[in-house]
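Reviewing the structure listed below.
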Amino acid sequence: MILVTGATGFLGKRVCRKLDLLEQEYVKTSLSLGTDLRDQEQTFKLFEKVKPDYVLHCASYVGGIQFGLKHTGEMYYNGLLMQVNLLEACRQYCVKRLVNPISNCAYPGKATLFKEDEFWDGPLHDSVLVYGMVRKMSYIGALAYQKQYGLDVINLILSNMYGPEDHFEAERSHALGALIMKFVDANENNKPEVIVWGTGKPVREWLHVDDGATAMIKAMDIMPYIDPINIGIAKGISIKDMAELIKQIVGYKGKLVFDPTKLDGAPYKTVDGTLGEKLLGWKPSIEFEQGVRETIQWYIENK
């Protein structure tokens with residue numbers, strides 16, 4: 001039996017749909033479905049009932065840079081409680097494998113092309129320090145439980161995810177979602193300009209949520225491997241170029257204005273997915289422009 005945590009969230013919903021297509025039996029859980037993974041008693045009660053063989057851990061407490069800076073204590077508290085309770089439940093109920101996604105912001109702030117053997121080569125970027133460190137500690141927890149108890153955990157490092165059904169809220173959106181909201185609004189309301197936070201110079205690699213979901217599912221079947229595994233293609237796009245692309249797809253005719261008083265975040269983030277491709281026998285395949293078009297269309301139809 002497969003247990004999907006955070007099954008009503010952005011990544012979790014797509015994982016569930018892919019499991020449906022594969023005709024795999026699974027159980028959904030999330031806070032909105034009645035189980036709070038921050039509560040040990042509720043977590044253990046769920047595991048006692050489901051007795052999962054595999055856990056695909058899609059639950060998280062996350063948002064964009066501004067959300068992260070405003071909710072640092074909540075990110076730390078919620079993230080660590082979920083991780084601690086989940087690891088202990090997996091141990092006590094003899095789970096065969098936990099698939100644990102880790103954000104690429106767990107890499108050092110100075111890194112540009114993220115490689116697994118450079119995971120510990122420096123401090124995290126200040127803009128993502130708390131969330132990145134909480135996700136990094138999820139790997140430490142997995143390592144500790146593997147060493148003492150033999151718990152099998154696959155730690156996947158995923159690029160910034162995007163796609164239909166993403167968070168489209170002023171504070172919680174990542175850069176891509178926030179830009180889509182701004183351009184669609186400006187286009188529909190004939191606004192003369194769109195303000196883009198930061199200088200537009202930072203480069204980011206983006207992972208379509210369906211590719212992220214595929215990686216999670218494929219990770220159930222690979223050989224045991226406790227160290228971090230990158231999922232990516234080592235290709236990014238600047239915020240400026242991404243804004244121009246979204247502007248063109250939306251059909252907006254106004255001008256772009258960059259606001260350098262807002263944080264840029266780390267200057268360059270791409271992911272070397274060589275190891276992930278080797279271990280999973282697969283790499284992300286959804287082309288960025290295609291994915292952005294799908295995302296814009298979904299937002300226009302559902303906002």
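In the structure tokens, chains take letters A, B, ... by order of appearance, with residues numbered from 1 within each chain and ligands from 1 in the order shown.
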(request) Any chance you could list, as a PyMOL selection string, the residues in segment 101-202 of chain A that come up helix (DSSP H, G or I) when DSSP is run on the backbone? (result) chain A and resi 104-106+116-118+126-149+175-188
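The environment of Val209 of chain A within 7 Å, counting only C-alpha atoms and disregarding residues fewer than 2 places along the same chain, consists of Leu11, Met161, Tyr162, Gly163, Leu207, Asp211, Gly212 and Ala213 of chain A.
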Write the residues of the preceding selection, restricted to C-alpha atoms, as an mmCIF file, in the first residue's frame.
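This went into out.cif:
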```
data_model
loop_
_atom_site.group_PDB
_atom_site.id
_atom_site.type_symbol
_atom_site.label_atom_id
_atom_site.label_comp_id
_atom_site.auth_asym_id
_atom_site.auth_seq_id
_atom_site.Cartn_x
_atom_site.Cartn_y
_atom_site.Cartn_z
ATOM 1 C CA LEU A 11 2.611 18.081 -5.856
ATOM 2 C CA MET A 161 8.199 23.391 -9.371
ATOM 3 C CA TYR A 162 5.500 25.057 -11.440
ATOM 4 C CA GLY A 163 2.429 24.047 -13.383
ATOM 5 C CA LEU A 207 10.578 21.647 -12.937
ATOM 6 C CA ASP A 211 7.858 15.679 -13.931
ATOM 7 C CA GLY A 212 8.260 16.081 -10.164
ATOM 8 C CA ALA A 213 5.414 13.621 -9.593
#
```
Can you list every residue of segment 199-234 of chain A that has an atom at most 10 Å from segment 43-60 of chain A, with its nearest atom pair and the distance in Å to one decimal, using only C-alpha atoms, ordered by chain then number, as CSV?
```
residue,atom,partner,partner_atom,distance
A:Ala213,CA,A:Cys58,CA,9.3
A:Met216,CA,A:Leu56,CA,6.8
A:Ile217,CA,A:Leu56,CA,7.7
A:Ala219,CA,A:Leu56,CA,9.3
A:Met220,CA,A:Tyr54,CA,7.3
```
Output of the above residues as a compact mmCIF listing (two decimals), in the first residue's frame, restricted to N, CA and C atoms:
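The new file again.txt reads:
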```txt
# COMPACT_ATOMS: atom_id res chain seq x y z
N ALA A 213 6.24 14.75 -10.02
CA ALA A 213 5.41 13.62 -9.59
C ALA A 213 5.95 12.31 -10.16
N MET A 216 8.93 11.19 -8.15
CA MET A 216 8.54 10.63 -6.85
C MET A 216 8.12 9.17 -7.00
N ILE A 217 7.34 8.89 -8.02
CA ILE A 217 6.83 7.52 -8.22
C ILE A 217 7.94 6.57 -8.67
N ALA A 219 10.98 6.78 -7.94
CA ALA A 219 11.90 6.56 -6.82
C ALA A 219 11.50 5.41 -5.92
N MET A 220 10.26 4.95 -6.03
CA MET A 220 9.84 3.79 -5.23
C MET A 220 10.55 2.52 -5.66
```
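Proximity to Glu244 of chain A at 12 Å, evaluated using only C-alpha atoms and with sequence-adjacent residues fewer than 2 positions away removed, yields A:Leu176, A:Leu179, A:Ile180, A:Phe183, A:Val194, A:Val196, A:Gly200, A:Ile237, A:Ser238, A:Ile239, A:Lys240, A:Asp241, A:Met242, A:Ile246, A:Lys247, A:Gln248, A:Ile249, A:Val250, A:Gly251, A:Tyr252, A:Lys253, A:Gly254, A:Lys255, A:Leu256, A:Val257, A:Glu289, A:Val292.
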Those residues with N, CA, C and O atoms, as a short mmCIF file (atom, residue, chain, number, x, y, z; two decimals), in the first residue's frame please?
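The result, stored in part.cif:
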```
data_model
loop_
_atom_site.label_atom_id
_atom_site.label_comp_id
_atom_site.auth_asym_id
_atom_site.auth_seq_id
_atom_site.Cartn_x
_atom_site.Cartn_y
_atom_site.Cartn_z
N LEU A 176 7.36 32.49 -10.79
CA LEU A 176 6.64 32.21 -12.03
C LEU A 176 5.14 32.43 -11.84
O LEU A 176 4.49 33.08 -12.66
N LEU A 179 4.26 36.14 -11.52
CA LEU A 179 4.31 36.85 -12.79
C LEU A 179 3.09 36.54 -13.65
O LEU A 179 2.54 37.44 -14.31
N ILE A 180 2.67 35.29 -13.65
CA ILE A 180 1.47 34.94 -14.42
C ILE A 180 0.27 35.74 -13.91
O ILE A 180 -0.50 36.31 -14.70
N PHE A 183 0.64 39.49 -15.07
CA PHE A 183 0.44 39.76 -16.49
C PHE A 183 -1.00 39.52 -16.94
O PHE A 183 -1.54 40.29 -17.75
N VAL A 194 3.72 46.40 -15.83
CA VAL A 194 3.80 45.32 -14.85
C VAL A 194 5.11 45.46 -14.10
O VAL A 194 6.18 45.55 -14.73
N VAL A 196 7.99 43.96 -11.94
CA VAL A 196 8.62 42.68 -11.64
C VAL A 196 9.57 42.88 -10.47
O VAL A 196 10.43 43.77 -10.51
N GLY A 200 15.63 41.19 -12.20
CA GLY A 200 15.37 40.34 -13.36
C GLY A 200 16.55 39.48 -13.76
O GLY A 200 16.46 38.66 -14.67
N ILE A 237 16.53 29.78 -16.72
CA ILE A 237 16.09 30.96 -17.46
C ILE A 237 16.09 32.14 -16.49
O ILE A 237 15.76 31.99 -15.31
N SER A 238 16.50 33.31 -16.97
CA SER A 238 16.51 34.48 -16.10
C SER A 238 15.08 34.94 -15.82
O SER A 238 14.16 34.67 -16.61
N ILE A 239 14.89 35.62 -14.71
CA ILE A 239 13.57 36.15 -14.38
C ILE A 239 13.11 37.12 -15.47
O ILE A 239 11.93 37.13 -15.85
N LYS A 240 14.04 37.92 -16.01
CA LYS A 240 13.69 38.85 -17.08
C LYS A 240 13.18 38.11 -18.31
O LYS A 240 12.12 38.44 -18.87
N ASP A 241 13.91 37.08 -18.75
CA ASP A 241 13.49 36.33 -19.94
C ASP A 241 12.18 35.58 -19.68
O ASP A 241 11.34 35.46 -20.58
N MET A 242 12.01 35.10 -18.45
CA MET A 242 10.76 34.42 -18.11
C MET A 242 9.59 35.40 -18.15
O MET A 242 8.50 35.08 -18.65
N ILE A 246 6.26 35.12 -20.55
CA ILE A 246 4.88 35.15 -20.05
C ILE A 246 4.12 36.31 -20.68
O ILE A 246 2.95 36.17 -21.08
N LYS A 247 4.77 37.45 -20.79
CA LYS A 247 4.16 38.62 -21.43
C LYS A 247 3.71 38.28 -22.86
O LYS A 247 2.59 38.62 -23.27
N GLN A 248 4.59 37.61 -23.59
CA GLN A 248 4.29 37.27 -24.98
C GLN A 248 3.13 36.26 -25.08
O GLN A 248 2.22 36.41 -25.91
N ILE A 249 3.14 35.25 -24.22
CA ILE A 249 2.08 34.23 -24.27
C ILE A 249 0.73 34.83 -23.88
O ILE A 249 -0.30 34.55 -24.51
N VAL A 250 0.73 35.69 -22.85
CA VAL A 250 -0.51 36.33 -22.40
C VAL A 250 -1.02 37.33 -23.45
O VAL A 250 -2.22 37.56 -23.57
N GLY A 251 -0.11 37.90 -24.21
CA GLY A 251 -0.49 38.91 -25.21
C GLY A 251 -0.54 40.31 -24.65
O GLY A 251 -1.18 41.21 -25.22
N TYR A 252 0.19 40.54 -23.56
CA TYR A 252 0.20 41.85 -22.91
C TYR A 252 1.07 42.82 -23.70
O TYR A 252 2.17 42.48 -24.13
N LYS A 253 0.57 44.06 -23.89
CA LYS A 253 1.27 45.05 -24.72
C LYS A 253 1.95 46.17 -23.92
O LYS A 253 2.61 47.02 -24.50
N GLY A 254 1.78 46.17 -22.60
CA GLY A 254 2.38 47.23 -21.78
C GLY A 254 3.87 47.01 -21.58
O GLY A 254 4.49 46.18 -22.24
N LYS A 255 4.43 47.75 -20.64
CA LYS A 255 5.87 47.65 -20.44
C LYS A 255 6.21 46.96 -19.11
O LYS A 255 5.39 46.90 -18.19
N LEU A 256 7.44 46.45 -19.06
CA LEU A 256 7.97 45.82 -17.85
C LEU A 256 8.76 46.86 -17.06
O LEU A 256 9.53 47.62 -17.62
N VAL A 257 8.56 46.85 -15.74
CA VAL A 257 9.33 47.71 -14.86
C VAL A 257 9.92 46.85 -13.74
O VAL A 257 9.17 46.14 -13.04
N GLU A 289 8.52 26.14 -22.17
CA GLU A 289 7.50 27.01 -22.77
C GLU A 289 6.14 26.32 -22.83
O GLU A 289 5.10 26.95 -22.56
N VAL A 292 4.68 26.43 -19.36
CA VAL A 292 4.20 27.78 -19.01
C VAL A 292 2.87 28.06 -19.70
O VAL A 292 1.95 28.63 -19.10
#
```
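By chain and then residue number, the residues within 6 Å of Lys262 of chain A are Trp197, Gly198 and Pro260 of chain A, counting only C-alpha atoms and disregarding those fewer than 2 positions away in sequence.
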(message) I'd like the contact shell of Met133 of chain A - 7 Å cut-off, only C-alpha atoms, skipping same-chain residues fewer than 4 positions apart - returned as a list in words.
(response) Ala106, Leu129 and Met137 of chain A
(message) Would you pick out the contacts of segment 270-273 of chain A at 10 Å or less, using only C-alpha atoms, so that residues sharing its chain but fewer than 5 positions from it are not included, and give the list as a PyMOL selection string?
(response) chain A and resi 104+111-116+157-160+203-206+229-237+278+282-284
(message) Can you measure atom CA of Leu98 of chain A to atom CA of Leu151 of chain A for me? One decimal in Å is fine.
(response) 8.2 Å
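Backbone DSSP assigns strand (DSSP E or B) in segment 156-239 of chain A to Leu156, Ile157, Leu158, Asn160, Met161, Tyr162, Glu193, Val194, Ile195, Val196, Trp197, Val203, Arg204, Trp206, Leu207, His208, Ile229, Asn230, Ile231, Ile237 and Ser238 of chain A.
We find atom CA of Ile140 of chain A and atom CA of Asn78 of chain A to be spaced 16.8 Å apart.
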(request) Kindly give the distance, in Å, that separates atom CA of Arg17 of chain A and atom CA of Asp166 of chain A, rounded to a single decimal. (result) 15.2 Å
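Of the listed residues (A:Ala215, A:Met181, A:Val128, A:Leu80), A:Ala215 comes nearest to Leu279 of chain A; the distances count only C-alpha atoms.
For the choices A:Asp39, A:Lys13, A:Leu143, A:Ile296, the atom-to-atom distance to Lys182 of chain A is smallest for A:Ile296 when using only C-alpha atoms.
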Wanna dump the segment 180-296 of chain A-segment 120-126 of chain A contacts at 10 Å for me, each residue with its shortest atom pair and the distance in Å to one decimal, counting only C-alpha atoms, ordered by chain and number, as JSON lines?
```
{"residue": "A:Gly265", "atom": "CA", "partner": "A:His125", "partner_atom": "CA", "distance": 7.4}
{"residue": "A:Ala266", "atom": "CA", "partner": "A:His125", "partner_atom": "CA", "distance": 6.3}
{"residue": "A:Pro267", "atom": "CA", "partner": "A:His125", "partner_atom": "CA", "distance": 9.7}
```
Can I get the selection written as a short mmCIF file (atom, residue, chain, number, x, y, z; two decimals), in the first residue's frame, with C-alpha atoms?
```cif
data_model
loop_
_atom_site.label_atom_id
_atom_site.label_comp_id
_atom_site.auth_asym_id
_atom_site.auth_seq_id
_atom_site.Cartn_x
_atom_site.Cartn_y
_atom_site.Cartn_z
CA GLY A 265 17.48 35.79 -3.94
CA ALA A 266 20.40 33.63 -5.05
CA PRO A 267 21.85 34.78 -8.40
#
```
